[in-house]
Amino acid sequence: MKMKLRHTLLIGVVLLAVSCSKESVIGETPIQESENVVFVEVELLNVVNDHRASLGYKILEYSAVAYEFANNHTDYMIAKGSLSHDNFSARASNISAIENAEFVAENVAKDYDNAVEAFQGWLNSSSHKKTMEGDFTHTAVSVKKDANGNFYFTQLFFR
């Protein structure tokens, strides 16, 4: 519940910041798109944590460090135009060094229309499901759209 409140507050702050702008937002798709992407990120974090809680597993805490590395990887996948775990060892080593993490894992996805679809895709894959249900304490999700409007997802996990 604490995690949902934190993410709900994050969305509220983003929406407040956008609504307080002196600039007109009519027709400004980038702001609307960024709101949509933040909503998808928060929704996916909540769906994964709800799933973990339903199984009696510990709810994952949000990590700003993991978010930075997830964002960078999502940008990389969009630039490449495909899914990948390229450079995962470097991401894991950096997170381990900064957060003193024992173990790091990641799930990636693309072309799902929303958080629930991405979650279901991961749930239907034994390796992705194992990661979501793993013995982790922290996570972060980056969701971005490419130029064609396709979502790319990176979720990092660590303990």
# chains A, B, ... in the order shown; residues from 1 in each chain; ligands from 1
>>> residues_around(residues="Tyr62 of chain A", least_positions_apart="5", cutoff="7 Å", atoms="only C-alpha atoms", output="list in words")
His138, Thr139 and Ala140 of chain A
>>> residues_around(residues="Ala90 of chain A", least_positions_apart="3", cutoff="12 Å", atoms="only C-alpha atoms", output="ChimeraX atom specification")
/A:69,72-73,85-87,93-97,104-105
>>> atom_distance(atom1="atom CA of Thr154 of chain A", atom2="atom CA of Glu106 of chain A")
7.0 Å
>>> residues_around(residues="His51 of chain A", least_positions_apart="6", cutoff="12 Å", atoms="only C-alpha atoms", output="MDAnalysis selection string")
chainID A and resid 44:45 57:60 116 119:120 122:123 129 132:134
>>> closest_residue(among="A:Asn124, A:Arg159, A:Ala115, A:Ala64", to="Asn46 of chain A", atoms="only C-alpha atoms")
A:Ala115
>>> residues_around(residues="segment 65-67 of chain A", least_positions_apart="3", cutoff="8 Å", atoms="only C-alpha atoms", output="PDB file with N, CA and C atoms, in the first residue's frame")
ATOM      1  N   ALA A  70      17.520   1.813 -15.978  1.00  0.00           N
ATOM      2  CA  ALA A  70      16.424   1.300 -16.804  1.00  0.00           C
ATOM      3  C   ALA A  70      16.103   2.290 -17.923  1.00  0.00           C
ATOM      4  N   ASN A  71      16.064   3.575 -17.596  1.00  0.00           N
ATOM      5  CA  ASN A  71      15.800   4.611 -18.607  1.00  0.00           C
ATOM      6  C   ASN A  71      16.847   4.597 -19.708  1.00  0.00           C
ATOM      7  N   ILE A  95      24.848  -0.942 -10.709  1.00  0.00           N
ATOM      8  CA  ILE A  95      23.834  -0.945  -9.645  1.00  0.00           C
ATOM      9  C   ILE A  95      24.416  -1.590  -8.386  1.00  0.00           C
ATOM     10  N   ILE A  98      26.808   0.897  -6.690  1.00  0.00           N
ATOM     11  CA  ILE A  98      26.141   2.061  -6.086  1.00  0.00           C
ATOM     12  C   ILE A  98      25.253   1.655  -4.912  1.00  0.00           C
ATOM     13  N   GLU A  99      24.516   0.564  -5.061  1.00  0.00           N
ATOM     14  CA  GLU A  99      23.517   0.157  -4.066  1.00  0.00           C
ATOM     15  C   GLU A  99      23.973  -1.001  -3.175  1.00  0.00           C
ATOM     16  N   THR A 139      13.184  -2.202  -7.154  1.00  0.00           N
ATOM     17  CA  THR A 139      12.895  -2.256  -8.584  1.00  0.00           C
ATOM     18  C   THR A 139      12.686  -0.852  -9.134  1.00  0.00           C
ATOM     19  N   ALA A 140      12.650  -0.782 -10.447  1.00  0.00           N
ATOM     20  CA  ALA A 140      12.241   0.434 -11.159  1.00  0.00           C
ATOM     21  C   ALA A 140      11.855   0.018 -12.567  1.00  0.00           C
ATOM     22  N   VAL A 141      10.895   0.736 -13.117  1.00  0.00           N
ATOM     23  CA  VAL A 141      10.422   0.477 -14.472  1.00  0.00           C
ATOM     24  C   VAL A 141      10.582   1.736 -15.300  1.00  0.00           C
ATOM     25  N   SER A 142      11.139   1.577 -16.491  1.00  0.00           N
ATOM     26  CA  SER A 142      11.184   2.661 -17.474  1.00  0.00           C
ATOM     27  C   SER A 142      10.312   2.255 -18.646  1.00  0.00           C
ATOM     28  N   LEU A 156      14.144  -3.267 -13.894  1.00  0.00           N
ATOM     29  CA  LEU A 156      15.313  -3.785 -13.195  1.00  0.00           C
ATOM     30  C   LEU A 156      14.920  -4.173 -11.777  1.00  0.00           C
ATOM     31  N   PHE A 157      15.495  -5.239 -11.286  1.00  0.00           N
ATOM     32  CA  PHE A 157      15.246  -5.767  -9.948  1.00  0.00           C
ATOM     33  C   PHE A 157      16.594  -5.968  -9.259  1.00  0.00           C
TER      34      PHE A 157
END
>>> atom_distance(atom1="atom CA of Glu41 of chain A", atom2="atom CA of Val143 of chain A")
5.8 Å
>>> closest_residue(among="A:Glu117, A:Phe158, A:Tyr152, A:Asp146", to="Phe103 of chain A", atoms="only C-alpha atoms")
A:Phe158
>>> select_by_dssp(residues="segment 22-142 of chain A", states="alpha helix (DSSP H)", output="ChimeraX atom specification")
/A:29-54,64-80,88-99,115-123,126-132
